[in-house]
2 protein chains.
Amino acid sequence: MNDLNGYDIEDLSPGMSATFGKTVTESDIGLFAGISGDINALHLNEEYAATTPFGGRIAHGILTTGLISATIANKLPGPGVIYLEQQLRFLAPVRPGDTVNATVTVKEVIAERGHVVLETICRVGGKDVISGEARVKVGSSKKREEKKKLAAAGV
Amino acid sequence: MNDLNGYDIEDLSPGMSATFGKTVTESDIGLFAGISGDINALHLNEEYAATTPFGGRIAHGILTTGLISATIANKLPGPGVIYLEQQLRFLAPVRPGDTVNATVTVKEVIAERGHVVLETICRVGGKDVISGEARVKVGSSKKREEKKKLAAAGV
C-alpha cells in the first residue's frame, strides 16, 4: 500500500474486487446537466421522456459511469491511481431513485508498466446497466524503496 | 431531422462534425465529487495534488467526458439519440478554469441498424486531453413515414 492507503502494483492480483453503491437522485441528474451541458430531454423532460420506449426520465450514462471512477479512485486500486482508459457499453437505463452498485474486478496486472486492467460493471438490483473495462496506472512499492536506498546512499 | 430537431440516420454521413465548448470550473469539480462519490485527492486536495506530477488539482476524467455526451445529445446526432458505447483514453489533465472543446465527427453510418460510429475528442487550447470513439443509435425518417402510411391505411 502507498502512503494514501492505495494499492501498489505488487499488491494486486487477478480476481480482487471492490464495489461502491450510491443512489442516483433527481438532484444528481439536474446538477450533472449543468456540469456537463448535456440537456438531453430524455434526462430532463418527463413529458417527453414518457413518450419514449424508456417511459420516463433516465440518468445520463456518463453520470452513472462516475460511480466506476469512484470505485477505482476510492477503493481498488484506490488513492494514487491514474485513470488511463475506459470502455463502456450502456445496456439498460438508470432511473432517478435507483441504487447503482459499481463493481471493479482486477483482470490483468502488467507489472513492468504498472498497469492494471479492470472489469467495470454497474448494476441496479442485480441487473447489468453498464459493462466495460478500464486501464489504470498505479505506483510500485519496490520502486519507491529503490529510490529511498539511492537517496540514502547519496546517489 | 426528427420532431426534436435531431438528425435521422438518413441525414448523417462520414465527416459531419460538431463541437461544444465549456469552461470546467472549481464548482463543477466539487459537485461532480458529490454526484459520483469520487473523492480522489487528485481532484479535491490541492496540498496533495501539488506533490504529484500534475502539480495541482485536475478535473475528474469522467466529468470532462460529460462534454462528449453533451455534444452528442445536443448537437450531433442531437435530440432523440441513444448512447450505446463509449471508449475513452485520458491523455492529459484538465485543470479548473480550462475551457474544453468536445468535438464529435461521424466515422461510420450503419444504416440498417440505425447505428452511427463517432470519433470523440476533447481538447484544451488545441491539445487533445481525451480521445475515443462512441456508438449511438438514431431514428429513421423512412421508417417513421412507413409507419404513418400503414396507420393511414388502417393496418
# chains A, B, ... in the order shown; residues from 1 in each chain; ligands from 1

$ residues_around --residues "A:Ile35" --least-positions-apart "3" --cutoff "9 Å" --atoms "only C-alpha atoms" --output "PyMOL selection string"
(chain A and resi 30-32+38) or (chain B and resi 24-25+27-29+31-32+63+66-67)

$ select_by_dssp --residues "chain B" --states "strand (DSSP E)" --output "ChimeraX atom specification"
/B:17-23,82-90,99-110,115-124,127-137

$ closest_residue --among "B:Lys127, B:His115, B:Lys137, B:Arg144" --to "B:Asp3" --atoms "only C-alpha atoms"
B:Arg144

$ interface_residues --of "chain B" --to "chain A" --cutoff "6 Å" --atoms "only C-alpha atoms" --output "list in words"
Asp28, Ile35, Ser36, Gly37, Asp38, Asn40, Gly66, Leu67, Ala70, Ala73, Leu84, Glu85, Gln86, Gln87, Leu88, Arg89 and Phe90 of chain B

$ write_last_selection --atoms "N, CA and C atoms" --output "tab-separated table (two decimals), in the first residue's frame"
chain	number	residue	atom	x	y	z
B	28	ASP	N	-17.79	22.83	-10.71
B	28	ASP	CA	-18.08	21.57	-11.42
B	28	ASP	C	-17.39	20.39	-10.72
B	35	ILE	N	-21.79	14.03	-6.74
B	35	ILE	CA	-22.69	13.25	-7.61
B	35	ILE	C	-22.17	11.83	-7.78
B	36	SER	N	-20.86	11.73	-8.03
B	36	SER	CA	-20.28	10.42	-8.36
B	36	SER	C	-19.79	9.67	-7.13
B	37	GLY	N	-19.45	10.40	-6.08
B	37	GLY	CA	-18.79	9.79	-4.92
B	37	GLY	C	-17.29	9.67	-5.10
B	38	ASP	N	-16.74	10.18	-6.21
B	38	ASP	CA	-15.30	10.09	-6.47
B	38	ASP	C	-14.57	11.23	-5.76
B	40	ASN	N	-11.30	11.32	-5.01
B	40	ASN	CA	-9.87	11.25	-5.28
B	40	ASN	C	-9.20	12.57	-4.87
B	66	GLY	N	-18.32	14.13	-19.81
B	66	GLY	CA	-19.69	14.65	-19.88
B	66	GLY	C	-19.88	15.61	-21.05
B	67	LEU	N	-18.83	16.32	-21.44
B	67	LEU	CA	-18.94	17.27	-22.56
B	67	LEU	C	-19.09	16.54	-23.90
B	70	ALA	N	-22.65	15.68	-23.98
B	70	ALA	CA	-23.41	16.89	-24.29
B	70	ALA	C	-23.40	17.17	-25.80
B	73	ALA	N	-25.64	14.59	-27.48
B	73	ALA	CA	-27.06	14.72	-27.15
B	73	ALA	C	-27.66	16.02	-27.68
B	84	LEU	N	-24.97	4.13	-26.96
B	84	LEU	CA	-24.75	2.68	-26.83
B	84	LEU	C	-23.39	2.34	-26.26
B	85	GLU	N	-22.34	2.98	-26.75
B	85	GLU	CA	-20.97	2.63	-26.32
B	85	GLU	C	-20.08	3.87	-26.33
B	86	GLN	N	-19.07	3.87	-25.48
B	86	GLN	CA	-18.07	4.94	-25.47
B	86	GLN	C	-16.72	4.35	-25.06
B	87	GLN	N	-15.70	4.63	-25.86
B	87	GLN	CA	-14.33	4.28	-25.49
B	87	GLN	C	-13.59	5.58	-25.19
B	88	LEU	N	-12.74	5.55	-24.17
B	88	LEU	CA	-12.05	6.77	-23.74
B	88	LEU	C	-10.58	6.49	-23.46
B	89	ARG	N	-9.73	7.40	-23.91
B	89	ARG	CA	-8.32	7.39	-23.49
B	89	ARG	C	-8.03	8.77	-22.89
B	90	PHE	N	-7.62	8.75	-21.62
B	90	PHE	CA	-7.33	10.01	-20.92
B	90	PHE	C	-5.86	10.35	-21.17

$ select_by_dssp --residues "chain B" --states "alpha helix (DSSP H)" --output "number ranges by chain"
B: 26-36, 41-44, 46-49, 61-74, 141-152

$ write_last_selection --atoms "N, CA and C atoms" --output "short mmCIF file (atom, residue, chain, number, x, y, z; two decimals), in the first residue's frame"
data_model
loop_
_atom_site.label_atom_id
_atom_site.label_comp_id
_atom_site.auth_asym_id
_atom_site.auth_seq_id
_atom_site.Cartn_x
_atom_site.Cartn_y
_atom_site.Cartn_z
N GLU B 26 -14.15 25.14 -10.71
CA GLU B 26 -13.99 24.59 -9.35
C GLU B 26 -15.32 23.99 -8.88
N SER B 27 -16.39 24.72 -9.16
CA SER B 27 -17.72 24.29 -8.75
C SER B 27 -18.09 22.96 -9.40
N ASP B 28 -17.79 22.83 -10.71
CA ASP B 28 -18.08 21.57 -11.42
C ASP B 28 -17.39 20.39 -10.72
N ILE B 29 -16.13 20.60 -10.34
CA ILE B 29 -15.35 19.51 -9.75
C ILE B 29 -15.92 19.12 -8.38
N GLY B 30 -16.26 20.10 -7.57
CA GLY B 30 -16.84 19.82 -6.26
C GLY B 30 -18.18 19.11 -6.37
N LEU B 31 -19.03 19.60 -7.29
CA LEU B 31 -20.35 18.98 -7.46
C LEU B 31 -20.22 17.57 -8.02
N PHE B 32 -19.28 17.39 -8.97
CA PHE B 32 -19.12 16.04 -9.57
C PHE B 32 -18.64 15.04 -8.52
N ALA B 33 -17.80 15.50 -7.58
CA ALA B 33 -17.35 14.61 -6.50
C ALA B 33 -18.56 14.12 -5.69
N GLY B 34 -19.49 15.02 -5.44
CA GLY B 34 -20.68 14.63 -4.69
C GLY B 34 -21.62 13.74 -5.47
N ILE B 35 -21.79 14.03 -6.74
CA ILE B 35 -22.69 13.25 -7.61
C ILE B 35 -22.17 11.83 -7.78
N SER B 36 -20.86 11.73 -8.03
CA SER B 36 -20.28 10.42 -8.36
C SER B 36 -19.79 9.67 -7.13
N ALA B 41 -8.14 12.47 -4.05
CA ALA B 41 -7.42 13.65 -3.55
C ALA B 41 -6.84 14.48 -4.70
N LEU B 42 -6.59 13.82 -5.82
CA LEU B 42 -6.05 14.50 -7.01
C LEU B 42 -7.03 15.57 -7.52
N HIS B 43 -8.31 15.39 -7.21
CA HIS B 43 -9.34 16.34 -7.65
C HIS B 43 -9.71 17.35 -6.57
N LEU B 44 -9.54 16.96 -5.29
CA LEU B 44 -10.12 17.76 -4.20
C LEU B 44 -9.10 18.37 -3.24
N GLU B 46 -5.67 20.25 -2.84
CA GLU B 46 -4.61 20.98 -3.51
C GLU B 46 -3.23 20.66 -2.92
N GLU B 47 -3.17 20.53 -1.60
CA GLU B 47 -1.86 20.26 -0.97
C GLU B 47 -1.29 18.93 -1.45
N TYR B 48 -2.16 17.90 -1.52
CA TYR B 48 -1.71 16.60 -2.05
C TYR B 48 -1.40 16.70 -3.55
N ALA B 49 -2.35 17.26 -4.30
CA ALA B 49 -2.20 17.28 -5.77
C ALA B 49 -0.93 18.02 -6.19
N GLY B 61 -11.68 12.73 -15.00
CA GLY B 61 -11.76 12.40 -16.43
C GLY B 61 -13.20 12.18 -16.88
N ILE B 62 -14.01 11.59 -16.02
CA ILE B 62 -15.40 11.31 -16.40
C ILE B 62 -16.23 12.60 -16.43
N LEU B 63 -15.85 13.58 -15.63
CA LEU B 63 -16.50 14.89 -15.71
C LEU B 63 -16.30 15.48 -17.11
N THR B 64 -15.06 15.50 -17.57
CA THR B 64 -14.77 16.03 -18.90
C THR B 64 -15.49 15.22 -19.98
N THR B 65 -15.59 13.92 -19.76
CA THR B 65 -16.32 13.06 -20.70
C THR B 65 -17.77 13.51 -20.86
N GLY B 66 -18.32 14.13 -19.81
CA GLY B 66 -19.69 14.65 -19.88
C GLY B 66 -19.88 15.61 -21.05
N LEU B 67 -18.83 16.32 -21.44
CA LEU B 67 -18.94 17.27 -22.56
C LEU B 67 -19.09 16.54 -23.90
N ILE B 68 -18.53 15.32 -23.98
CA ILE B 68 -18.74 14.49 -25.18
C ILE B 68 -20.23 14.10 -25.25
N SER B 69 -20.74 13.64 -24.11
CA SER B 69 -22.16 13.28 -24.01
C SER B 69 -23.03 14.47 -24.40
N ALA B 70 -22.65 15.68 -23.98
CA ALA B 70 -23.41 16.89 -24.29
C ALA B 70 -23.40 17.17 -25.80
N THR B 71 -22.24 17.02 -26.42
CA THR B 71 -22.14 17.30 -27.86
C THR B 71 -23.00 16.32 -28.65
N ILE B 72 -22.96 15.06 -28.25
CA ILE B 72 -23.76 14.02 -28.93
C ILE B 72 -25.25 14.29 -28.72
N ALA B 73 -25.64 14.59 -27.48
CA ALA B 73 -27.06 14.72 -27.15
C ALA B 73 -27.66 16.02 -27.68
N ASN B 74 -26.86 17.08 -27.67
CA ASN B 74 -27.41 18.40 -28.04
C ASN B 74 -27.22 18.74 -29.51
N SER B 141 -36.20 8.54 -40.63
CA SER B 141 -37.35 9.26 -41.20
C SER B 141 -38.14 8.31 -42.11
N LYS B 142 -37.42 7.44 -42.80
CA LYS B 142 -38.03 6.47 -43.72
C LYS B 142 -38.99 5.54 -42.95
N LYS B 143 -38.50 5.03 -41.83
CA LYS B 143 -39.32 4.11 -41.03
C LYS B 143 -40.53 4.82 -40.45
N ARG B 144 -40.34 6.10 -40.04
CA ARG B 144 -41.48 6.85 -39.48
C ARG B 144 -42.56 7.06 -40.55
N GLU B 145 -42.13 7.34 -41.79
CA GLU B 145 -43.09 7.55 -42.88
C GLU B 145 -43.83 6.27 -43.24
N GLU B 146 -43.10 5.16 -43.22
CA GLU B 146 -43.74 3.86 -43.50
C GLU B 146 -44.81 3.56 -42.45
N LYS B 147 -44.49 3.86 -41.20
CA LYS B 147 -45.45 3.63 -40.11
C LYS B 147 -46.69 4.49 -40.29
N LYS B 148 -46.48 5.75 -40.68
CA LYS B 148 -47.60 6.68 -40.89
C LYS B 148 -48.51 6.16 -42.00
N LYS B 149 -47.88 5.69 -43.10
CA LYS B 149 -48.66 5.18 -44.24
C LYS B 149 -49.50 3.99 -43.82
N LEU B 150 -48.87 3.08 -43.04
CA LEU B 150 -49.59 1.89 -42.57
C LEU B 150 -50.75 2.29 -41.67
N ALA B 151 -50.49 3.29 -40.80
CA ALA B 151 -51.54 3.76 -39.88
C ALA B 151 -52.69 4.38 -40.67
N ALA B 152 -52.35 5.18 -41.72
CA ALA B 152 -53.37 5.84 -42.54
C ALA B 152 -54.20 4.81 -43.29
#

$ atom_distance --atom1 "atom CA of A:Pro53" --atom2 "atom CA of B:Gly6"
17.0 Å

$ residues_around --residues "A:Thr103" --least-positions-apart "3" --cutoff "7 Å" --atoms "only C-alpha atoms" --output "PyMOL selection string"
chain A and resi 17-20+120-122

$ write_last_selection --atoms "C-alpha atoms" --output "PDB file, in the first residue's frame"
ATOM      1  CA  SER A  17     -12.782  -6.906  -6.461  1.00  0.00           C
ATOM      2  CA  ALA A  18     -14.470  -3.884  -4.852  1.00  0.00           C
ATOM      3  CA  THR A  19     -17.947  -2.350  -5.022  1.00  0.00           C
ATOM      4  CA  PHE A  20     -19.326   1.126  -4.330  1.00  0.00           C
ATOM      5  CA  THR A 120     -16.062  -2.493 -14.630  1.00  0.00           C
ATOM      6  CA  ILE A 121     -19.763  -3.235 -14.187  1.00  0.00           C
ATOM      7  CA  CYS A 122     -22.668  -1.143 -12.860  1.00  0.00           C
TER       8      CYS A 122
END

$ residues_around --residues "B:Asp8" --least-positions-apart "2" --cutoff "8 Å" --atoms "only C-alpha atoms" --output "PyMOL selection string"
chain B and resi 1-2+6+10-12+77+138-141

$ atom_distance --atom1 "atom CA of A:Val124" --atom2 "atom CA of A:Val94"
7.5 Å

$ atom_distance --atom1 "atom CA of B:Glu119" --atom2 "atom CA of B:Met16"
10.5 Å

$ decode --residues "stretch 31-130 of chain B" --atoms "C-alpha atoms" --output "mmCIF file, in the first residue's frame"
data_model
loop_
_atom_site.group_PDB
_atom_site.id
_atom_site.type_symbol
_atom_site.label_atom_id
_atom_site.label_comp_id
_atom_site.auth_asym_id
_atom_site.auth_seq_id
_atom_site.Cartn_x
_atom_site.Cartn_y
_atom_site.Cartn_z
ATOM 1 C CA LEU B 31 -20.349 18.982 -7.465
ATOM 2 C CA PHE B 32 -19.123 16.045 -9.567
ATOM 3 C CA ALA B 33 -17.352 14.612 -6.499
ATOM 4 C CA GLY B 34 -20.682 14.630 -4.688
ATOM 5 C CA ILE B 35 -22.692 13.254 -7.607
ATOM 6 C CA SER B 36 -20.276 10.424 -8.364
ATOM 7 C CA GLY B 37 -18.788 9.785 -4.921
ATOM 8 C CA ASP B 38 -15.296 10.091 -6.474
ATOM 9 C CA ILE B 39 -13.318 11.900 -3.770
ATOM 10 C CA ASN B 40 -9.866 11.251 -5.276
ATOM 11 C CA ALA B 41 -7.424 13.650 -3.552
ATOM 12 C CA LEU B 42 -6.053 14.499 -7.008
ATOM 13 C CA HIS B 43 -9.337 16.339 -7.653
ATOM 14 C CA LEU B 44 -10.119 17.761 -4.203
ATOM 15 C CA ASN B 45 -6.920 18.246 -2.197
ATOM 16 C CA GLU B 46 -4.606 20.984 -3.513
ATOM 17 C CA GLU B 47 -1.856 20.257 -0.973
ATOM 18 C CA TYR B 48 -1.708 16.602 -2.047
ATOM 19 C CA ALA B 49 -2.204 17.284 -5.767
ATOM 20 C CA ALA B 50 0.690 19.792 -5.713
ATOM 21 C CA THR B 51 3.048 16.938 -4.707
ATOM 22 C CA THR B 52 2.075 14.786 -7.727
ATOM 23 C CA PRO B 53 3.455 15.033 -11.287
ATOM 24 C CA PHE B 54 0.259 17.011 -12.137
ATOM 25 C CA GLY B 55 1.385 19.846 -9.829
ATOM 26 C CA GLY B 56 -2.145 20.697 -8.674
ATOM 27 C CA ARG B 57 -5.767 19.631 -8.764
ATOM 28 C CA ILE B 58 -7.224 18.275 -12.004
ATOM 29 C CA ALA B 59 -10.815 17.569 -13.089
ATOM 30 C CA HIS B 60 -12.235 14.032 -12.994
ATOM 31 C CA GLY B 61 -11.756 12.398 -16.426
ATOM 32 C CA ILE B 62 -15.397 11.306 -16.405
ATOM 33 C CA LEU B 63 -16.505 14.893 -15.707
ATOM 34 C CA THR B 64 -14.768 16.034 -18.902
ATOM 35 C CA THR B 65 -16.321 13.063 -20.702
ATOM 36 C CA GLY B 66 -19.685 14.649 -19.885
ATOM 37 C CA LEU B 67 -18.943 17.265 -22.558
ATOM 38 C CA ILE B 68 -18.744 14.487 -25.185
ATOM 39 C CA SER B 69 -22.158 13.281 -24.010
ATOM 40 C CA ALA B 70 -23.413 16.889 -24.294
ATOM 41 C CA THR B 71 -22.136 17.304 -27.862
ATOM 42 C CA ILE B 72 -23.758 14.023 -28.927
ATOM 43 C CA ALA B 73 -27.063 14.724 -27.148
ATOM 44 C CA ASN B 74 -27.408 18.402 -28.042
ATOM 45 C CA LYS B 75 -25.777 18.663 -31.483
ATOM 46 C CA LEU B 76 -24.693 15.553 -33.415
ATOM 47 C CA PRO B 77 -26.772 13.491 -33.866
ATOM 48 C CA GLY B 78 -28.696 15.584 -31.317
ATOM 49 C CA PRO B 79 -32.090 15.108 -29.648
ATOM 50 C CA GLY B 80 -33.548 11.602 -29.840
ATOM 51 C CA VAL B 81 -30.133 9.890 -29.861
ATOM 52 C CA ILE B 82 -29.494 6.817 -27.682
ATOM 53 C CA TYR B 83 -25.962 6.270 -26.317
ATOM 54 C CA LEU B 84 -24.752 2.685 -26.835
ATOM 55 C CA GLU B 85 -20.974 2.630 -26.320
ATOM 56 C CA GLN B 86 -18.070 4.937 -25.468
ATOM 57 C CA GLN B 87 -14.327 4.283 -25.493
ATOM 58 C CA LEU B 88 -12.048 6.772 -23.740
ATOM 59 C CA ARG B 89 -8.323 7.391 -23.495
ATOM 60 C CA PHE B 90 -7.326 10.011 -20.922
ATOM 61 C CA LEU B 91 -4.277 11.707 -22.437
ATOM 62 C CA ALA B 92 -3.654 14.874 -20.436
ATOM 63 C CA PRO B 93 -5.079 16.662 -17.389
ATOM 64 C CA VAL B 94 -7.861 19.278 -17.400
ATOM 65 C CA ARG B 95 -7.389 21.927 -14.705
ATOM 66 C CA PRO B 96 -10.005 24.135 -13.026
ATOM 67 C CA GLY B 97 -10.540 27.109 -15.345
ATOM 68 C CA ASP B 98 -9.592 25.232 -18.529
ATOM 69 C CA THR B 99 -12.023 25.574 -21.425
ATOM 70 C CA VAL B 100 -12.650 22.177 -23.006
ATOM 71 C CA ASN B 101 -13.876 21.787 -26.583
ATOM 72 C CA ALA B 102 -15.514 18.429 -27.233
ATOM 73 C CA THR B 103 -15.692 17.523 -30.922
ATOM 74 C CA VAL B 104 -17.601 14.579 -32.395
ATOM 75 C CA THR B 105 -17.165 13.525 -36.020
ATOM 76 C CA VAL B 106 -19.158 10.881 -37.894
ATOM 77 C CA LYS B 107 -16.838 7.972 -38.812
ATOM 78 C CA GLU B 108 -19.321 5.368 -39.992
ATOM 79 C CA VAL B 109 -23.076 5.133 -40.646
ATOM 80 C CA ILE B 110 -24.552 1.632 -40.283
ATOM 81 C CA ALA B 111 -27.925 2.403 -41.872
ATOM 82 C CA GLU B 112 -29.604 -0.998 -41.495
ATOM 83 C CA ARG B 113 -29.127 -0.908 -37.693
ATOM 84 C CA GLY B 114 -29.596 2.841 -37.228
ATOM 85 C CA HIS B 115 -26.120 2.954 -35.644
ATOM 86 C CA VAL B 116 -23.539 5.721 -36.004
ATOM 87 C CA VAL B 117 -19.870 5.490 -35.003
ATOM 88 C CA LEU B 118 -18.401 8.821 -33.894
ATOM 89 C CA GLU B 119 -14.830 9.909 -33.221
ATOM 90 C CA THR B 120 -14.907 11.805 -29.902
ATOM 91 C CA ILE B 121 -12.110 14.174 -28.888
ATOM 92 C CA CYS B 122 -11.785 16.718 -26.073
ATOM 93 C CA ARG B 123 -9.208 19.465 -26.483
ATOM 94 C CA VAL B 124 -7.829 22.228 -24.272
ATOM 95 C CA GLY B 125 -6.110 25.013 -26.220
ATOM 96 C CA GLY B 126 -5.775 22.753 -29.259
ATOM 97 C CA LYS B 127 -4.203 19.880 -27.277
ATOM 98 C CA ASP B 128 -6.003 16.519 -27.090
ATOM 99 C CA VAL B 129 -6.910 15.665 -23.482
ATOM 100 C CA ILE B 130 -9.339 12.783 -24.202
#
